[in-house]
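Q: Sending over my_file17.pdb (PDB, C-alpha atoms, pLDDT in the B column).
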```pdb
ATOM      1  CA  MET A   6     -13.483 -24.770 -14.862  1.00 91.00           C
ATOM      2  CA  GLU A   7     -13.911 -21.622 -16.920  1.00 94.00           C
ATOM      3  CA  ALA A   8     -10.761 -19.996 -15.558  1.00 96.00           C
ATOM      4  CA  VAL A   9      -8.593 -23.073 -16.038  1.00 96.00           C
ATOM      5  CA  MET A  10      -9.958 -23.766 -19.532  1.00 96.00           C
ATOM      6  CA  ILE A  11      -9.332 -20.180 -20.684  1.00 97.00           C
ATOM      7  CA  ILE A  12      -5.834 -20.046 -19.161  1.00 97.00           C
ATOM      8  CA  ASP A  13      -4.830 -23.458 -20.500  1.00 98.00           C
ATOM      9  CA  ILE A  14      -6.081 -22.970 -24.056  1.00 98.00           C
ATOM     10  CA  LEU A  15      -4.680 -19.448 -24.398  1.00 98.00           C
ATOM     11  CA  ARG A  16      -1.308 -20.680 -23.158  1.00 98.00           C
ATOM     12  CA  ARG A  17      -1.454 -23.556 -25.670  1.00 98.00           C
ATOM     13  CA  ALA A  18      -1.882 -20.837 -28.313  1.00 98.00           C
ATOM     14  CA  LYS A  19       1.300 -19.190 -26.928  1.00 97.00           C
ATOM     15  CA  ALA A  20      -0.545 -16.171 -25.527  1.00 97.00           C
ATOM     16  CA  ASN A  21       1.086 -14.391 -22.615  1.00 97.00           C
ATOM     17  CA  VAL A  22      -1.598 -14.921 -19.959  1.00 98.00           C
ATOM     18  CA  VAL A  23      -1.613 -12.989 -16.684  1.00 98.00           C
ATOM     19  CA  VAL A  24      -3.897 -14.338 -13.977  1.00 98.00           C
ATOM     20  CA  ALA A  25      -4.749 -11.593 -11.483  1.00 98.00           C
ATOM     21  CA  SER A  26      -6.466 -11.983  -8.124  1.00 97.00           C
ATOM     22  CA  VAL A  27      -9.041  -9.392  -7.064  1.00 96.00           C
ATOM     23  CA  GLY A  28      -8.521 -10.579  -3.502  1.00 93.00           C
ATOM     24  CA  ASP A  29      -5.692  -9.683  -1.141  1.00 94.00           C
ATOM     25  CA  ASN A  30      -3.610 -12.815  -1.758  1.00 95.00           C
ATOM     26  CA  LEU A  31      -2.489 -14.885  -4.726  1.00 98.00           C
ATOM     27  CA  GLU A  32      -4.370 -18.018  -3.729  1.00 97.00           C
ATOM     28  CA  ILE A  33      -7.902 -18.062  -5.127  1.00 95.00           C
ATOM     29  CA  LEU A  34     -10.513 -20.474  -3.822  1.00 91.00           C
ATOM     30  CA  ALA A  35     -12.898 -21.193  -6.693  1.00 89.00           C
ATOM     31  CA  SER A  36     -16.587 -21.995  -6.226  1.00 83.00           C
ATOM     32  CA  ARG A  37     -16.052 -25.765  -5.872  1.00 87.00           C
ATOM     33  CA  LYS A  38     -13.130 -25.417  -3.426  1.00 90.00           C
ATOM     34  CA  VAL A  39     -10.587 -25.677  -6.247  1.00 93.00           C
ATOM     35  CA  LYS A  40      -7.442 -23.740  -5.344  1.00 95.00           C
ATOM     36  CA  LEU A  41      -5.818 -21.612  -8.024  1.00 96.00           C
ATOM     37  CA  VAL A  42      -2.723 -19.456  -7.708  1.00 97.00           C
ATOM     38  CA  ALA A  43      -2.718 -16.102  -9.479  1.00 98.00           C
ATOM     39  CA  ASP A  44       0.383 -14.618 -11.090  1.00 98.00           C
ATOM     40  CA  MET A  45      -0.167 -11.285  -9.349  1.00 98.00           C
ATOM     41  CA  LEU A  46      -2.655  -9.216  -7.414  1.00 98.00           C
ATOM     42  CA  LEU A  47      -4.987  -6.910  -9.315  1.00 98.00           C
ATOM     43  CA  ASP A  48      -3.227  -3.857  -7.819  1.00 96.00           C
ATOM     44  CA  GLU A  49      -0.057  -4.846  -9.684  1.00 97.00           C
ATOM     45  CA  ALA A  50      -1.890  -6.058 -12.794  1.00 97.00           C
ATOM     46  CA  ALA A  51      -3.736  -2.729 -13.091  1.00 96.00           C
ATOM     47  CA  ASN A  52      -0.425  -1.008 -13.900  1.00 95.00           C
ATOM     48  CA  LEU A  53      -0.062  -2.991 -17.143  1.00 95.00           C
ATOM     49  CA  SER A  54      -1.978  -2.889 -20.415  1.00 94.00           C
ATOM     50  CA  TYR A  55      -3.605  -5.898 -22.051  1.00 97.00           C
ATOM     51  CA  ASP A  56      -4.696  -7.029 -25.488  1.00 97.00           C
ATOM     52  CA  LEU A  57      -7.649  -8.731 -23.783  1.00 98.00           C
ATOM     53  CA  ILE A  58      -9.253  -8.760 -20.353  1.00 98.00           C
ATOM     54  CA  VAL A  59     -11.501 -11.753 -19.730  1.00 98.00           C
ATOM     55  CA  LEU A  60     -13.533 -12.726 -16.681  1.00 98.00           C
ATOM     56  CA  PRO A  61     -14.313 -16.320 -15.738  1.00 96.00           C
ATOM     57  CA  GLY A  62     -17.650 -17.030 -14.120  1.00 91.00           C
ATOM     58  CA  GLY A  63     -19.023 -18.456 -10.938  1.00 90.00           C
ATOM     59  CA  LEU A  64     -21.452 -16.517  -8.794  1.00 92.00           C
ATOM     60  CA  GLY A  65     -18.943 -15.646  -6.059  1.00 92.00           C
ATOM     61  CA  GLY A  66     -16.248 -14.682  -8.533  1.00 93.00           C
ATOM     62  CA  ALA A  67     -18.615 -12.548 -10.602  1.00 96.00           C
ATOM     63  CA  GLN A  68     -19.779 -10.744  -7.455  1.00 96.00           C
ATOM     64  CA  ALA A  69     -16.170 -10.106  -6.407  1.00 96.00           C
ATOM     65  CA  PHE A  70     -15.377  -8.773  -9.903  1.00 97.00           C
ATOM     66  CA  ALA A  71     -18.437  -6.498  -9.862  1.00 97.00           C
ATOM     67  CA  ASN A  72     -17.405  -5.099  -6.481  1.00 97.00           C
ATOM     68  CA  SER A  73     -13.846  -4.334  -7.619  1.00 97.00           C
ATOM     69  CA  ASP A  74     -13.767  -0.691  -8.741  1.00 97.00           C
ATOM     70  CA  LYS A  75     -10.229  -1.219 -10.012  1.00 97.00           C
ATOM     71  CA  LEU A  76     -11.261  -4.134 -12.240  1.00 98.00           C
ATOM     72  CA  VAL A  77     -14.383  -2.350 -13.496  1.00 98.00           C
ATOM     73  CA  ASN A  78     -12.254   0.699 -14.373  1.00 97.00           C
ATOM     74  CA  MET A  79      -9.797  -1.530 -16.244  1.00 98.00           C
ATOM     75  CA  LEU A  80     -12.675  -3.040 -18.210  1.00 98.00           C
ATOM     76  CA  LYS A  81     -14.106   0.395 -19.017  1.00 98.00           C
ATOM     77  CA  LYS A  82     -10.709   1.617 -20.243  1.00 97.00           C
ATOM     78  CA  GLN A  83     -10.362  -1.552 -22.325  1.00 97.00           C
ATOM     79  CA  ALA A  84     -13.753  -0.942 -23.963  1.00 97.00           C
ATOM     80  CA  GLU A  85     -13.078   2.781 -24.465  1.00 97.00           C
ATOM     81  CA  SER A  86      -9.752   1.923 -26.123  1.00 97.00           C
ATOM     82  CA  ASN A  87     -11.609  -0.402 -28.503  1.00 97.00           C
ATOM     83  CA  LYS A  88      -9.651  -3.380 -27.157  1.00 97.00           C
ATOM     84  CA  PRO A  89     -11.176  -6.831 -26.630  1.00 98.00           C
ATOM     85  CA  TYR A  90     -12.792  -7.909 -23.381  1.00 98.00           C
ATOM     86  CA  GLY A  91     -14.965 -10.834 -22.457  1.00 98.00           C
ATOM     87  CA  ALA A  92     -16.785 -12.764 -19.796  1.00 98.00           C
ATOM     88  CA  ILE A  93     -18.449 -16.127 -19.265  1.00 98.00           C
ATOM     89  CA  CYS A  94     -21.200 -17.555 -17.062  1.00 97.00           C
ATOM     90  CA  ALA A  95     -22.483 -15.071 -14.437  1.00 97.00           C
ATOM     91  CA  SER A  96     -19.908 -12.381 -15.257  1.00 98.00           C
ATOM     92  CA  PRO A  97     -21.606 -10.876 -18.341  1.00 98.00           C
ATOM     93  CA  ALA A  98     -24.815 -10.330 -16.351  1.00 98.00           C
ATOM     94  CA  LEU A  99     -23.324  -9.362 -12.987  1.00 98.00           C
ATOM     95  CA  VAL A 100     -20.243  -7.399 -14.082  1.00 98.00           C
ATOM     96  CA  LEU A 101     -20.516  -6.190 -17.666  1.00 98.00           C
ATOM     97  CA  GLU A 102     -24.241  -5.364 -17.842  1.00 98.00           C
ATOM     98  CA  PRO A 103     -24.569  -3.245 -14.666  1.00 98.00           C
ATOM     99  CA  HIS A 104     -21.456  -1.243 -15.582  1.00 97.00           C
ATOM    100  CA  GLY A 105     -22.672  -0.414 -19.092  1.00 97.00           C
ATOM    101  CA  LEU A 106     -20.156  -2.684 -20.829  1.00 98.00           C
ATOM    102  CA  LEU A 107     -22.837  -4.499 -22.841  1.00 97.00           C
ATOM    103  CA  LYS A 108     -24.551  -1.346 -24.108  1.00 96.00           C
ATOM    104  CA  GLY A 109     -25.348  -1.782 -27.793  1.00 95.00           C
ATOM    105  CA  LYS A 110     -23.693  -5.212 -27.806  1.00 96.00           C
ATOM    106  CA  LYS A 111     -24.925  -8.736 -28.410  1.00 97.00           C
ATOM    107  CA  ALA A 112     -24.113 -11.059 -25.524  1.00 98.00           C
ATOM    108  CA  THR A 113     -24.994 -14.222 -23.690  1.00 98.00           C
ATOM    109  CA  ALA A 114     -24.589 -15.431 -20.103  1.00 98.00           C
ATOM    110  CA  PHE A 115     -25.469 -18.280 -17.751  1.00 97.00           C
ATOM    111  CA  PRO A 116     -29.119 -19.194 -18.438  1.00 97.00           C
ATOM    112  CA  ALA A 117     -30.384 -18.226 -14.965  1.00 97.00           C
ATOM    113  CA  MET A 118     -28.702 -14.800 -15.352  1.00 96.00           C
ATOM    114  CA  CYS A 119     -29.862 -13.954 -18.879  1.00 97.00           C
ATOM    115  CA  ASN A 120     -32.911 -12.087 -17.565  1.00 97.00           C
ATOM    116  CA  LYS A 121     -30.469  -9.426 -16.315  1.00 96.00           C
ATOM    117  CA  LEU A 122     -29.235  -8.691 -19.859  1.00 97.00           C
ATOM    118  CA  SER A 123     -30.895  -5.710 -21.523  1.00 95.00           C
ATOM    119  CA  ASP A 124     -30.642  -7.360 -24.972  1.00 95.00           C
ATOM    120  CA  GLN A 125     -31.709 -10.993 -24.755  1.00 95.00           C
ATOM    121  CA  SER A 126     -31.813 -11.726 -28.487  1.00 96.00           C
ATOM    122  CA  PHE A 127     -28.595 -13.798 -28.483  1.00 96.00           C
ATOM    123  CA  ILE A 128     -28.834 -15.539 -25.107  1.00 96.00           C
ATOM    124  CA  ASP A 129     -29.257 -19.031 -26.579  1.00 97.00           C
ATOM    125  CA  ASN A 130     -25.924 -18.859 -28.420  1.00 97.00           C
ATOM    126  CA  ARG A 131     -23.099 -20.780 -26.761  1.00 98.00           C
ATOM    127  CA  VAL A 132     -20.508 -18.101 -27.635  1.00 97.00           C
ATOM    128  CA  VAL A 133     -21.256 -14.585 -28.888  1.00 97.00           C
ATOM    129  CA  VAL A 134     -18.608 -12.401 -30.508  1.00 96.00           C
ATOM    130  CA  ASP A 135     -19.716  -8.815 -31.140  1.00 96.00           C
ATOM    131  CA  GLY A 136     -16.798  -6.684 -32.243  1.00 95.00           C
ATOM    132  CA  ASN A 137     -14.396  -6.573 -29.296  1.00 96.00           C
ATOM    133  CA  LEU A 138     -16.798  -8.293 -26.894  1.00 98.00           C
ATOM    134  CA  ILE A 139     -16.748 -12.070 -26.378  1.00 98.00           C
ATOM    135  CA  THR A 140     -19.272 -13.744 -24.054  1.00 98.00           C
ATOM    136  CA  SER A 141     -20.322 -17.295 -23.295  1.00 98.00           C
ATOM    137  CA  ARG A 142     -22.768 -19.270 -21.169  1.00 98.00           C
ATOM    138  CA  GLY A 143     -20.916 -21.412 -18.616  1.00 96.00           C
ATOM    139  CA  PRO A 144     -18.716 -24.384 -17.786  1.00 95.00           C
ATOM    140  CA  GLY A 145     -19.970 -26.509 -20.688  1.00 96.00           C
ATOM    141  CA  THR A 146     -19.156 -23.767 -23.196  1.00 97.00           C
ATOM    142  CA  SER A 147     -15.790 -22.777 -21.768  1.00 97.00           C
ATOM    143  CA  MET A 148     -13.744 -24.688 -24.345  1.00 97.00           C
ATOM    144  CA  GLU A 149     -15.661 -23.075 -27.223  1.00 97.00           C
ATOM    145  CA  PHE A 150     -15.275 -19.693 -25.522  1.00 98.00           C
ATOM    146  CA  ALA A 151     -11.507 -20.083 -25.165  1.00 98.00           C
ATOM    147  CA  LEU A 152     -11.194 -21.332 -28.743  1.00 97.00           C
ATOM    148  CA  GLY A 153     -13.267 -18.342 -29.875  1.00 97.00           C
ATOM    149  CA  ILE A 154     -10.725 -16.077 -28.186  1.00 97.00           C
ATOM    150  CA  VAL A 155      -7.878 -17.954 -29.892  1.00 97.00           C
ATOM    151  CA  GLU A 156      -9.634 -17.543 -33.234  1.00 96.00           C
ATOM    152  CA  LYS A 157     -10.058 -13.795 -32.673  1.00 95.00           C
ATOM    153  CA  PHE A 158      -6.379 -13.284 -31.826  1.00 96.00           C
ATOM    154  CA  PHE A 159      -4.545 -16.016 -33.732  1.00 97.00           C
ATOM    155  CA  GLY A 160      -6.949 -16.937 -36.536  1.00 97.00           C
ATOM    156  CA  ARG A 161      -9.269 -19.795 -37.316  1.00 96.00           C
ATOM    157  CA  PRO A 162      -6.524 -22.240 -38.419  1.00 97.00           C
ATOM    158  CA  LYS A 163      -4.839 -21.988 -34.992  1.00 97.00           C
ATOM    159  CA  ALA A 164      -8.163 -22.477 -33.176  1.00 97.00           C
ATOM    160  CA  LEU A 165      -8.950 -25.524 -35.324  1.00 96.00           C
ATOM    161  CA  GLU A 166      -5.442 -26.927 -34.771  1.00 96.00           C
ATOM    162  CA  LEU A 167      -5.831 -26.641 -30.989  1.00 97.00           C
ATOM    163  CA  ALA A 168      -9.358 -28.087 -31.095  1.00 97.00           C
ATOM    164  CA  LYS A 169      -8.038 -31.094 -33.015  1.00 96.00           C
ATOM    165  CA  VAL A 170      -5.085 -31.649 -30.642  1.00 95.00           C
ATOM    166  CA  MET A 171      -7.435 -31.505 -27.629  1.00 96.00           C
ATOM    167  CA  LEU A 172      -9.896 -33.917 -29.311  1.00 96.00           C
ATOM    168  CA  PHE A 173     -12.588 -31.251 -29.285  1.00 93.00           C
ATOM    169  CA  VAL A 174     -15.049 -31.420 -32.181  1.00 69.00           C
ATOM    170  CA  HIS A 175     -16.976 -28.313 -33.246  1.00 53.00           C
TER     171      HIS A 175
END
```
Would you mind writing the file out in C-alpha coordinates?

A:
Amino acid sequence: MEAVMIIDILRRAKANVVVASVGDNLEILASRKVKLVADMLLDEAANLSYDLIVLPGGLGGAQAFANSDKLVNMLKKQAESNKPYGAICASPALVLEPHGLLKGKKATAFPAMCNKLSDQSFIDNRVVVDGNLITSRGPGTSMEFALGIVEKFFGRPKALELAKVMLFVH
(Lines of atoms letter the chains of each structure in order from A and count residues from 1; the text may use other names and numbers.)
(Lines give C-alpha, C1' and ligand atoms only; values in the text may rest on other atoms or scores of the structure.)
Protein backbone atom coordinates (compact mmCIF):
# COMPACT_ATOMS: atom_id res chain seq x y z
CA MET A 1 0.00 0.00 0.00
CA GLU A 2 2.76 2.42 0.93
CA ALA A 3 4.59 2.00 -2.36
CA VAL A 4 1.48 2.39 -4.50
CA MET A 5 0.21 5.38 -2.50
CA ILE A 6 3.55 7.21 -2.76
CA ILE A 7 3.95 6.45 -6.49
CA ASP A 8 0.36 7.39 -7.33
CA ILE A 9 0.24 10.65 -5.38
CA LEU A 10 3.66 11.84 -6.57
CA ARG A 11 2.66 11.11 -10.16
CA ARG A 12 -0.60 13.04 -9.62
CA ALA A 13 1.64 15.95 -8.59
CA LYS A 14 3.50 15.52 -11.92
CA ALA A 15 6.71 14.30 -10.28
CA ASN A 16 8.95 12.10 -12.39
CA VAL A 17 8.87 8.91 -10.30
CA VAL A 18 11.33 6.06 -10.86
CA VAL A 19 10.45 2.77 -9.20
CA ALA A 20 13.57 0.64 -8.76
CA SER A 21 13.75 -3.01 -7.75
CA VAL A 22 16.48 -4.12 -5.34
CA GLY A 23 15.90 -7.66 -6.60
CA ASP A 24 17.19 -9.23 -9.80
CA ASN A 25 14.00 -8.73 -11.83
CA LEU A 26 11.46 -5.98 -12.42
CA GLU A 27 8.54 -7.83 -10.88
CA ILE A 28 8.26 -7.19 -7.15
CA LEU A 29 6.09 -9.37 -4.93
CA ALA A 30 4.90 -7.19 -2.05
CA SER A 31 4.18 -8.51 1.44
CA ARG A 32 0.52 -9.36 0.72
CA LYS A 33 1.28 -11.08 -2.61
CA VAL A 34 0.56 -7.89 -4.56
CA LYS A 35 2.62 -7.82 -7.75
CA LEU A 36 4.27 -4.56 -8.74
CA VAL A 37 6.46 -3.89 -11.76
CA ALA A 38 9.47 -1.63 -11.30
CA ASP A 39 10.66 0.79 -13.97
CA MET A 40 14.24 -0.46 -13.66
CA LEU A 41 16.60 -2.48 -11.53
CA LEU A 42 18.55 -0.73 -8.79
CA ASP A 43 21.82 -1.33 -10.70
CA GLU A 44 20.53 0.95 -13.47
CA ALA A 45 18.81 3.39 -11.11
CA ALA A 46 22.04 3.85 -9.13
CA ASN A 47 23.61 5.58 -12.15
CA LEU A 48 21.11 8.45 -11.94
CA SER A 49 20.66 11.25 -9.42
CA TYR A 50 17.41 12.01 -7.61
CA ASP A 51 15.72 14.93 -5.90
CA LEU A 52 14.32 12.41 -3.40
CA ILE A 53 14.87 8.78 -2.50
CA VAL A 54 12.02 7.23 -0.53
CA LEU A 55 11.57 3.72 0.83
CA PRO A 56 8.18 2.07 1.28
CA GLY A 57 7.75 -0.28 4.21
CA GLY A 58 6.87 -3.86 4.88
CA LEU A 59 9.14 -6.10 6.91
CA GLY A 60 10.46 -8.10 3.94
CA GLY A 61 11.00 -5.01 1.82
CA ALA A 62 12.75 -3.13 4.62
CA GLN A 63 15.06 -6.11 5.21
CA ALA A 64 15.87 -6.30 1.49
CA PHE A 65 16.60 -2.54 1.44
CA ALA A 66 18.84 -2.82 4.51
CA ASN A 67 20.79 -5.65 2.89
CA SER A 68 21.36 -3.72 -0.35
CA ASP A 69 24.76 -2.02 -0.08
CA LYS A 70 24.04 -0.17 -3.31
CA LEU A 71 20.79 1.30 -1.97
CA VAL A 72 22.33 2.18 1.40
CA ASN A 73 25.19 3.95 -0.41
CA MET A 74 22.68 5.88 -2.53
CA LEU A 75 20.86 6.96 0.63
CA LYS A 76 24.11 8.02 2.31
CA LYS A 77 25.11 10.08 -0.74
CA GLN A 78 21.64 11.64 -0.78
CA ALA A 79 21.96 12.65 2.89
CA GLU A 80 25.55 13.88 2.46
CA SER A 81 24.43 16.00 -0.51
CA ASN A 82 21.74 17.55 1.70
CA LYS A 83 19.03 16.15 -0.59
CA PRO A 84 15.71 14.77 0.68
CA TYR A 85 15.19 11.13 1.59
CA GLY A 86 12.46 9.33 3.43
CA ALA A 87 11.00 6.08 4.63
CA ILE A 88 7.77 4.68 6.03
CA CYS A 89 6.73 1.77 8.25
CA ALA A 90 9.62 -0.61 9.08
CA SER A 91 12.14 1.13 6.81
CA PRO A 92 13.10 4.02 9.13
CA ALA A 93 13.97 1.55 11.90
CA LEU A 94 15.49 -1.25 9.82
CA VAL A 95 17.24 0.75 7.08
CA LEU A 96 17.83 4.35 8.09
CA GLU A 97 18.61 3.92 11.81
CA PRO A 98 21.23 1.13 11.58
CA HIS A 99 23.06 2.97 8.78
CA GLY A 100 23.29 6.25 10.69
CA LEU A 101 20.76 8.06 8.49
CA LEU A 102 18.63 9.17 11.44
CA LYS A 103 21.52 10.57 13.48
CA GLY A 104 20.47 13.90 14.97
CA LYS A 105 17.09 13.68 13.23
CA LYS A 106 13.51 13.44 14.44
CA ALA A 107 11.71 10.43 12.99
CA THR A 108 8.90 7.96 13.38
CA ALA A 109 8.31 4.38 12.24
CA PHE A 110 5.89 1.46 12.54
CA PRO A 111 4.87 1.25 16.22
CA ALA A 112 6.41 -2.20 16.81
CA MET A 113 9.72 -0.93 15.36
CA CYS A 114 9.96 2.39 17.22
CA ASN A 115 12.02 0.82 20.01
CA LYS A 116 14.85 0.53 17.47
CA LEU A 117 14.99 4.32 16.98
CA SER A 118 17.64 6.09 19.04
CA ASP A 119 15.44 9.20 19.41
CA GLN A 120 11.89 8.18 20.29
CA SER A 121 10.54 11.65 21.09
CA PHE A 122 8.51 11.94 17.87
CA ILE A 123 7.36 8.35 17.38
CA ASP A 124 3.67 9.11 17.96
CA ASN A 125 3.53 11.59 15.06
CA ARG A 126 1.92 10.23 11.90
CA VAL A 127 4.42 12.03 9.63
CA VAL A 128 7.67 13.67 10.73
CA VAL A 129 9.56 16.12 8.53
CA ASP A 130 12.99 17.10 9.86
CA GLY A 131 14.91 19.10 7.30
CA ASN A 132 15.51 16.75 4.37
CA LEU A 133 14.22 13.67 6.19
CA ILE A 134 10.58 12.56 5.91
CA THR A 135 9.32 9.53 7.86
CA SER A 136 5.94 8.01 8.62
CA ARG A 137 4.35 5.14 10.53
CA GLY A 138 2.67 2.69 8.14
CA PRO A 139 -0.12 1.84 5.72
CA GLY A 140 -2.70 4.05 7.44
CA THR A 141 -0.42 7.08 7.23
CA SER A 142 0.80 6.54 3.69
CA MET A 143 -1.51 9.12 2.12
CA GLU A 144 -0.41 11.79 4.62
CA PHE A 145 3.21 10.77 4.03
CA ALA A 146 2.89 11.12 0.25
CA LEU A 147 1.06 14.43 0.60
CA GLY A 148 3.82 15.60 2.96
CA ILE A 149 6.34 14.85 0.22
CA VAL A 150 4.21 16.76 -2.30
CA GLU A 151 4.05 19.70 0.09
CA LYS A 152 7.84 19.69 0.53
CA PHE A 153 8.49 19.69 -3.23
CA PHE A 154 5.48 21.45 -4.75
CA GLY A 155 4.09 23.53 -1.87
CA ARG A 156 1.14 23.35 0.46
CA PRO A 157 -1.45 24.56 -2.10
CA LYS A 158 -0.62 21.63 -4.42
CA ALA A 159 -0.80 19.13 -1.54
CA LEU A 160 -4.17 20.55 -0.45
CA GLU A 161 -5.45 20.48 -4.04
CA LEU A 162 -4.54 16.80 -4.40
CA ALA A 163 -5.99 15.96 -0.97
CA LYS A 164 -9.27 17.58 -1.99
CA VAL A 165 -9.42 15.79 -5.37
CA MET A 166 -8.77 12.43 -3.66
CA LEU A 167 -11.44 13.17 -1.00
CA PHE A 168 -8.81 13.05 1.73
CA VAL A 169 -9.47 15.33 4.70
CA HIS A 170 -6.58 16.48 6.91

Q: Which polymer residues have any atom within 10 Å of an atom of segment 41-53 of chain A, counting all atoms listed in the file, with same-chain residues fewer than 3 positions away left out, as a short mmCIF file (atom, residue, chain, number, x, y, z; two decimals) with C-alpha atoms, keeping the file's coordinate frame?

A:
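Saved result, out28.cif, follows:
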```cif
data_model
loop_
_atom_site.label_atom_id
_atom_site.label_comp_id
_atom_site.auth_asym_id
_atom_site.auth_seq_id
_atom_site.Cartn_x
_atom_site.Cartn_y
_atom_site.Cartn_z
CA ALA A 8 -10.76 -20.00 -15.56
CA VAL A 9 -8.59 -23.07 -16.04
CA VAL A 22 -1.60 -14.92 -19.96
CA VAL A 23 -1.61 -12.99 -16.68
CA VAL A 24 -3.90 -14.34 -13.98
CA ALA A 25 -4.75 -11.59 -11.48
CA SER A 26 -6.47 -11.98 -8.12
CA VAL A 27 -9.04 -9.39 -7.06
CA GLY A 28 -8.52 -10.58 -3.50
CA ASP A 29 -5.69 -9.68 -1.14
CA ASN A 30 -3.61 -12.82 -1.76
CA LEU A 31 -2.49 -14.88 -4.73
CA GLU A 32 -4.37 -18.02 -3.73
CA ILE A 33 -7.90 -18.06 -5.13
CA LEU A 34 -10.51 -20.47 -3.82
CA ALA A 35 -12.90 -21.19 -6.69
CA LYS A 38 -13.13 -25.42 -3.43
CA SER A 73 -13.85 -4.33 -7.62
CA LYS A 75 -10.23 -1.22 -10.01
CA LEU A 76 -11.26 -4.13 -12.24
CA ASN A 78 -12.25 0.70 -14.37
CA MET A 79 -9.80 -1.53 -16.24
#
```

Q: At what distance in Å, to one decimal, does atom CA of Ala98 of chain A lie from atom CA of Gln125 of chain A?

A: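 Atom-to-atom, atom CA of Gln125 of chain A to atom CA of Ala98 of chain A, that is 10.9 Å.
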
Q: Can you turn the PyMOL selection byres ((chain A and resi 113-118) around 12) into a concrete residue list for this file, as an MDAnalysis selection string?

A: chainID A and resid 60:64 67 91:102 107 110:112 119:135 138:147 150

Q: Pick from A:Arg37, A:Lys88, A:Lys169, A:Lys81: nearest to Gly66 of chain A, with only C-alpha atoms counted?

A: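 For Gly66 of chain A, the nearest of the candidates is A:Arg37.
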
Q: To one decimal place, how far is atom CA of Asp13 of chain A from atom CA of Leu152 of chain A in Å?

A: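 Separation between atom CA of Asp13 of chain A and atom CA of Leu152 of chain A: 10.6 Å.
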
Q: Give as a list in words the residues that the PyMOL selection byres ((chain A and resi 18) around 8) matches when applied to the coordinates above.

A: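 Answer for the PyMOL selection byres ((chain A and resi 18) around 8): Ile14, Leu15, Arg16, Arg17, Lys19, Ala20, Val155, Phe159, Lys163 and Leu167 of chain A.
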
Q: Between atom CA of Ala84 of chain A and atom CA of Leu165 of chain A, what is the distance, to one decimal in Å?

A: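 Separation between atom CA of Ala84 of chain A and atom CA of Leu165 of chain A: 27.5 Å.
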
Q: With all atoms listed in the file as the basis for distance, which of A:Phe70, A:Tyr55, A:Phe173, A:Tyr90 is at the shortest distance from Lys157 of chain A?

A: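 So, comparing all the options, the nearest one is A:Tyr90.
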